[in-house]
Structures are given as C-alpha cells and as structure tokens.
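Colleague: Here it is, the structure, as structure tokens.
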Amino acid sequence: MRYFVAVAEELHFGRAAQRLSMAQPPLSRAIQQLERRLGVVLLHRTARAITLTEAGAVLLREARTALDAVEAAERRTRRAAADQPGVVLATKAGASSELLSKLLHAYAAEPGAVAVEVMLCGPGQPESLLRNGRADVALLHRPYDTTAGFDTEDLHTEQQVVVLPAGHPLADRGHVRLSEVDTLTDLPLPRWPARDGSYPDGPGPQVRDHTQLFQLIALGLACAVVPESLRTQLRDDHAVVPVPDAPAVTTVIAWPPHSRSKAVADLVHTATHL
C-alpha cells in the first residue's frame with residue numbers, strides 16, 4: 001500500500017523509490033505483484049509518462065484511508081500508554097473561538113479533567129489530524145469538513161456573511177445573494193489549499209489562514225463568504241453583509257467511533273451541555 005501510494009502520487013518510479021529510500025527494481029516488482037494479486041491494471045506505463053487507471057485512482061483513495069487508520073492506531077496506542085493522560089483537540093485557527101474558550105473553561109472545572117492540548121490548524125487540517133490519529137477529538141464545520149466515519153454531536157449552527165472592503169458599493173445592502181458575490185470580478189473569492197497542498201485554478205488569491213485573508217480583503221484584493229461568528233475578528237476596514245442563500249455552517253465535535261477514551265467522552269459531554 002505504501003509503495004503504491006508513493007508511485008501514484010509521484011507518477012514516477014524513480015522519484016517514488018527515492019522517497020521510499022529503496023532501489024527502483026524491487027519497487028517496480030512490488031507494484032506488478034500488487035496488480036497480479038488484485039487482477040487489475042493500476043498504472044498505465046509509457047516511455048514518457050505514468051498515469052493512474054480508474055482502478056488505480058480508487059485504490060489510491062482507499063489506500064490513503066487505510067494507511068491513515070494504521071498510523072492512527074499506532075499514535076493512539078502510544079498516547080494511551082503515556083504516563084500523563086491527556087487529550088488532543090484539533091480545530092481550525094480563528095474558527096469557533098468563543099465556543100472553544102467556553103469548552104476548555106467548562107471542561108477544566110469537571111472532576112477528573114485531564115490536560116487538553118489544542119492544535120490550531122489551517123482549513124481542512126483538523127479532519128486530517130483526527131483521521132490519522134494525531135488528534136483525539138476535533139471541532140469540524142459542515143459543509144466544509146467531511147464528518148463521514150466519525151461519531152459527532154452538533155454544537156452550533158450559524159448563517160454566513162460576505163466580508164467586503166469598507167466602502168464597497170454592496171456594503172450598505174441589507175443582504176446579497178451568492179450569485180452576486182460570484183460576479184464580483186474585482187473582488188475574487190480566495191483559493192484555499194487542498195489536502196495535498198495544491199491550489200485549485202482560479203482568479204482569486206491563494207490563502208492559508210483567515211488573518212491573511214482578512215488583510216487581502218481590507219486591501220481590496222478579495223472578498224469571502226464566512227460564518228457569521230468570524231465578525232469578531234474583523235476591523236473597521238471591513239464591511240459585512242448577510243448572504244441568506246449561502247449554506248448554514250454547523251460546528252460539530254467529532255471523534256473516532258471506536259474511541260474508548262474517558263477523557264474524550266467527558267470532553268464531548270461538556271461540549272454538548274454548553
């Protein structure tokens with residue numbers, strides 16, 4: 001699985017072998033053995049390039065999930081054996097800040113509370129950290145994060161707003177529609193990185209976090225549709241207008257379904273009672 005993922009991501013046996021710190025011939029043989037075992041062709045090979053077949057694309061997706069599960073089991077097992085019990089909570093930096101503060105304060109007051117390590121991440125990262133075992137629990141945001149495969153409890157649902165530079169012609173409107181936001185060619189929507197770090201094509205600026213995004217908006221280089229709770233991070237050089245037809249954002253607390261951690265259970269219990 002690891003060998004195949006390396007080749008599928010690099011699409012080059014030489015680079016994949018270097019990444020795996022092994023020679024190329026045994027790597028090629030391993031992929032051929034995998035294809036024979038599955039009875040499918042995973043890679044189209046030519047003298048110029050390697051591409052994934054449809055079966056190869058499916059295996060890449062499934063293999064990543066399987067390898068994440070193996071790594072997660074290893075990390076959680078080691079944490080369970082640690083001398084000092086604790087729980088790791090992942091959340092997007094700047095999102096649900098008030099809720100997170102209340103949660104940590106309320107949980108700390110509970111009998112038997114353990115140390116909570118908070119990992120503040122970029123968009124999409126809390127979900128990945130929970131899947132690969134680096135986090136025990138996470139605050140996720142539907143529809144932007146995928147909660148499939150996790151146990152979850154809904155904590156809060158809110159509407160979205162568009163953030164514009166102060167003084168923009170739309171700033172005095174009572175509300176705008178998503179279609180109107182999409183036509184703001186002078187203020188393109190930002191492009192967030194995918195899981196592999198690449199950015200989608202488009203006219204908008206590449207962004208990594210909300211601090212960078214809000215500065216670009218203040219400079220008149222972008223606009224953004226965000227949850228209403230992010231108003232607290234804005235300055236006087238921003239304007240906010242509700243977008244009623246934007247999908248509502250629900251903050252959820254998520255954890256692995258097989259978790260038997262008392263600390264995770266207590267933290268979830270505290271969150272649902274806030």
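Residues are named by chain letter and number: chains run A, B, ... in the order of the structure tokens, numbers start at 1 in each chain, and ligands are numbered from 1 in the order shown.
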Considering only C-alpha atoms, return as a short mmCIF file (atom, residue, chain, number, x, y, z; two decimals) with N, CA and C atoms, in the first residue's frame whatever protein or nucleic-acid residues lie within 10 Å of A:Gly220, sequence-local ones (same chain, fewer than 6 positions apart) excluded.
Modeller:
data_model
loop_
_atom_site.label_atom_id
_atom_site.label_comp_id
_atom_site.auth_asym_id
_atom_site.auth_seq_id
_atom_site.Cartn_x
_atom_site.Cartn_y
_atom_site.Cartn_z
N LEU A 164 -16.43 42.26 2.89
CA LEU A 164 -16.02 43.16 1.81
C LEU A 164 -15.12 44.25 2.37
N PRO A 165 -14.38 44.93 1.49
CA PRO A 165 -13.65 46.12 1.97
C PRO A 165 -14.64 47.20 2.38
N ALA A 166 -14.33 47.93 3.43
CA ALA A 166 -15.20 49.03 3.85
C ALA A 166 -15.37 50.01 2.69
N HIS A 168 -17.27 49.50 0.05
CA HIS A 168 -17.67 48.85 -1.20
C HIS A 168 -19.15 49.16 -1.49
N ASP A 186 -13.90 42.14 -9.44
CA ASP A 186 -12.85 42.97 -8.85
C ASP A 186 -12.46 42.48 -7.46
N LEU A 187 -13.29 41.63 -6.87
CA LEU A 187 -13.01 41.05 -5.55
C LEU A 187 -13.19 39.54 -5.62
N PRO A 188 -12.26 38.81 -6.24
CA PRO A 188 -12.44 37.37 -6.42
C PRO A 188 -12.41 36.62 -5.08
N PHE A 214 -8.26 38.18 5.62
CA PHE A 214 -8.89 39.45 6.00
C PHE A 214 -8.02 40.65 5.64
N ASP A 237 -11.90 48.43 8.70
CA ASP A 237 -11.73 48.50 7.25
C ASP A 237 -12.41 47.32 6.54
N HIS A 238 -13.31 46.63 7.25
CA HIS A 238 -14.12 45.57 6.66
C HIS A 238 -15.60 45.93 6.74
#
Colleague: Give me the residues near A:Glu9 as a PyMOL selection string, where near means some atom within 10 Å (using only C-alpha atoms) and where sequence neighbours in that chain fewer than 5 positions away do not count.
Modeller: chain A and resi 4+15-16+51-52+60+196
Colleague: Would you please give, as a list in words, all residues of stretch 214-246 of chain A that DSSP assigns to strand (DSSP E) based on the backbone?
Modeller: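 Everything in stretch 214-246 of chain A that counts as strand (DSSP E) is Ala224, Val225, Val226, Pro227, His238, Ala239, Val240, Val241 and Pro242 of chain A.
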Colleague: Contacts between stretch 246-259 of chain A and stretch 120-202 of chain A, please, where a residue of stretch 120-202 of chain A counts if it comes within 6 Å (with only C-alpha atoms); show its shortest atom pair and distance in Å to one decimal, rows by chain and ascending number, as JSON lines.
Modeller:
{"residue": "A:Val137", "atom": "CA", "partner": "A:Trp255", "partner_atom": "CA", "distance": 4.7}
{"residue": "A:Ala138", "atom": "CA", "partner": "A:Ala254", "partner_atom": "CA", "distance": 5.3}
{"residue": "A:Leu139", "atom": "CA", "partner": "A:Ile253", "partner_atom": "CA", "distance": 4.7}
{"residue": "A:Leu140", "atom": "CA", "partner": "A:Val252", "partner_atom": "CA", "distance": 5.3}
{"residue": "A:His141", "atom": "CA", "partner": "A:Thr251", "partner_atom": "CA", "distance": 4.6}
{"residue": "A:Arg142", "atom": "CA", "partner": "A:Thr250", "partner_atom": "CA", "distance": 5.3}
{"residue": "A:Phe150", "atom": "CA", "partner": "A:Pro256", "partner_atom": "CA", "distance": 5.1}
{"residue": "A:Asp151", "atom": "CA", "partner": "A:Pro257", "partner_atom": "CA", "distance": 5.2}
{"residue": "A:Thr152", "atom": "CA", "partner": "A:Ala254", "partner_atom": "CA", "distance": 4.4}
{"residue": "A:Glu153", "atom": "CA", "partner": "A:Ile253", "partner_atom": "CA", "distance": 5.5}
{"residue": "A:Asp154", "atom": "CA", "partner": "A:Val252", "partner_atom": "CA", "distance": 4.4}
{"residue": "A:Leu155", "atom": "CA", "partner": "A:Val252", "partner_atom": "CA", "distance": 5.3}
{"residue": "A:His156", "atom": "CA", "partner": "A:Thr251", "partner_atom": "CA", "distance": 5.2}
{"residue": "A:Thr157", "atom": "CA", "partner": "A:Thr250", "partner_atom": "CA", "distance": 4.2}
{"residue": "A:Glu158", "atom": "CA", "partner": "A:Val249", "partner_atom": "CA", "distance": 5.4}
{"residue": "A:Gln159", "atom": "CA", "partner": "A:Ala248", "partner_atom": "CA", "distance": 4.7}
Colleague: Measuring between only C-alpha atoms, which one of A:Leu100, A:Leu59, A:Ala6, A:Val114 shows the shortest distance to A:Lys262?
Modeller: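 That would be A:Val114, the residue with the smallest distance to A:Lys262.
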Colleague: Near A:Ala30, within 12 Å and counting only C-alpha atoms, which residues show up once chain neighbours fewer than 2 positions away are dropped, as a ChimeraX atom specification?
Modeller: /A:1-4,7,13,17,22-28,32-37
Colleague: Just C-alpha atoms for this one: save the residues we selected as a compact mmCIF listing (two decimals), in the first residue's frame.
Modeller:
# COMPACT_ATOMS: atom_id res chain seq x y z
CA MET A 1 0.00 0.00 0.00
CA ARG A 2 2.77 2.46 0.95
CA TYR A 3 4.71 1.60 -2.19
CA PHE A 4 1.67 2.09 -4.39
CA VAL A 7 4.20 5.74 -7.03
CA PHE A 13 9.12 5.17 -10.23
CA ALA A 17 11.90 4.89 -4.99
CA MET A 22 14.80 1.95 -1.83
CA ALA A 23 16.01 0.81 -5.23
CA GLN A 24 13.70 1.13 -8.22
CA PRO A 25 13.65 -2.54 -9.45
CA PRO A 26 12.12 -4.03 -6.26
CA LEU A 27 9.58 -1.19 -6.21
CA SER A 28 8.52 -1.98 -9.78
CA GLN A 32 3.46 -5.66 -10.51
CA GLN A 33 2.79 -8.21 -7.75
CA LEU A 34 0.03 -5.97 -6.37
CA GLU A 35 -1.60 -5.75 -9.80
CA ARG A 36 -1.45 -9.54 -10.20
CA ARG A 37 -2.90 -10.08 -6.74
Colleague: Mind checking DSSP for stretch 67-253 of chain A and telling me the helix (DSSP H, G or I) residues as number ranges by chain?
Modeller: A: 67-80, 97-108, 125-131, 178-182, 210-218, 228-233
Colleague: For A:Glu71, which residue out of A:Ile217, A:Val163, A:Ala271, A:Leu129 is the nearest one, using only C-alpha atoms?
Modeller: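 Distance minimum relative to A:Glu71 lands on A:Leu129.
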Colleague: One decimal, Å: what's the distance from atom CA of A:Glu180 over to atom CA of A:Pro244, could you say?
Modeller: 12.0 Å
Colleague: With a distance cut-off of 9 Å and only C-alpha atoms, select the neighbouring residues of A:Ala263, excluding the residue or stretch itself and same-chain residues fewer than 4 positions from it, and output the selection as a list in words.
Modeller: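 Surrounding residues, per the criterion: Pro85, Gly86, Val87, Gly112, Ala113, Val114, Leu267 and Val268 of chain A.
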Colleague: I want to know what sits within 7 Å of A:Gln206, based on only C-alpha atoms, with residues of the same chain fewer than 3 positions away left out; could you give that as number ranges by chain?
Modeller: A: 190-192
Colleague: Just all heavy atoms for this one: save the residues we selected as a CSV table (one decimal), in the first residue's frame.
Modeller:
chain,number,residue,atom,x,y,z
A,190,PRO,N,-11.3,33.8,-2.5
A,190,PRO,CA,-10.0,33.2,-2.2
A,190,PRO,C,-9.9,31.7,-2.7
A,190,PRO,O,-10.9,31.0,-2.8
A,190,PRO,CB,-9.8,33.3,-0.7
A,190,PRO,CG,-11.2,33.2,-0.2
A,190,PRO,CD,-12.0,34.0,-1.2
A,191,ARG,N,-8.7,31.2,-2.8
A,191,ARG,CA,-8.4,29.8,-3.1
A,191,ARG,C,-7.7,29.2,-2.0
A,191,ARG,O,-6.6,29.6,-1.6
A,191,ARG,CB,-7.6,29.7,-4.4
A,191,ARG,CG,-8.4,30.0,-5.7
A,191,ARG,CD,-7.6,29.9,-6.9
A,191,ARG,NE,-6.5,30.9,-7.0
A,191,ARG,CZ,-5.3,30.6,-7.5
A,191,ARG,NH1,-4.9,29.4,-7.9
A,191,ARG,NH2,-4.4,31.6,-7.5
A,192,TRP,N,-8.3,28.2,-1.3
A,192,TRP,CA,-7.7,27.5,-0.2
A,192,TRP,C,-7.0,26.3,-0.7
A,192,TRP,O,-7.4,25.6,-1.7
A,192,TRP,CB,-8.8,27.1,0.8
A,192,TRP,CG,-9.5,28.3,1.4
A,192,TRP,CD1,-10.7,28.8,1.0
A,192,TRP,CD2,-9.1,29.0,2.6
A,192,TRP,NE1,-11.1,29.9,1.8
A,192,TRP,CE2,-10.1,30.0,2.8
A,192,TRP,CE3,-8.0,29.0,3.4
A,192,TRP,CZ2,-10.0,31.0,3.8
A,192,TRP,CZ3,-7.9,29.9,4.4
A,192,TRP,CH2,-8.9,30.9,4.6
Colleague: Using atom CA of A:Leu274 and atom CA of A:Val226 as the two end points, give the distance in Å to one decimal.
Modeller: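 Between atom CA of A:Leu274 and atom CA of A:Val226 the gap works out to 23.3 Å.
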Colleague: With a distance cut-off of 6 Å and only C-alpha atoms, select the neighbouring residues of A:Ile50, excluding the residue or stretch itself and same-chain residues fewer than 4 positions from it, and output the selection as a PyMOL selection string.
Modeller: chain A and resi 11+44-45
Colleague: For the selection just defined, write its residues with C-alpha atoms to a file, as a compact mmCIF listing (two decimals), in the first residue's frame.
Modeller:
# COMPACT_ATOMS: atom_id res chain seq x y z
CA LEU A 11 3.74 9.19 -11.05
CA HIS A 44 -0.71 2.99 -17.49
CA ARG A 45 3.01 2.96 -18.29
Colleague: Between atom CA of A:Thr146 and atom CA of A:Ala69, what is the distance, to one decimal in Å?
Modeller: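 Going from atom CA of A:Thr146 over to atom CA of A:Ala69, I get 16.0 Å.
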Colleague: Pick out the closest residue to A:Arg208 from this set: A:Gln233, A:Thr185, A:Ser179, A:Gln125. Count only C-alpha atoms.
Modeller: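 When distances to A:Arg208 are compared using only C-alpha atoms, the smallest one comes from A:Gln125.
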Colleague: Let me make sure I understand: among A:Asp266, A:Ala72, A:Ala194, A:Pro203, which one has the smallest atom-to-atom distance to A:Ala108 if we use only C-alpha atoms?
Modeller: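 When distances to A:Ala108 are compared using only C-alpha atoms, the smallest one comes from A:Asp266.
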Colleague: Out of A:Val41, A:Pro242, A:Val88, A:Glu74, which residue has the shortest atom-to-atom distance to A:Leu170 when counting only C-alpha atoms?
Modeller: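 Ranked by minimum distance to A:Leu170, first place goes to A:Pro242.
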Colleague: Closest to A:Asp209 among A:Gly133, A:Gly122, A:Gly39, A:Pro227, using only C-alpha atoms?
Modeller: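 Of the candidates, the smallest distance to A:Asp209 is held by A:Gly122.
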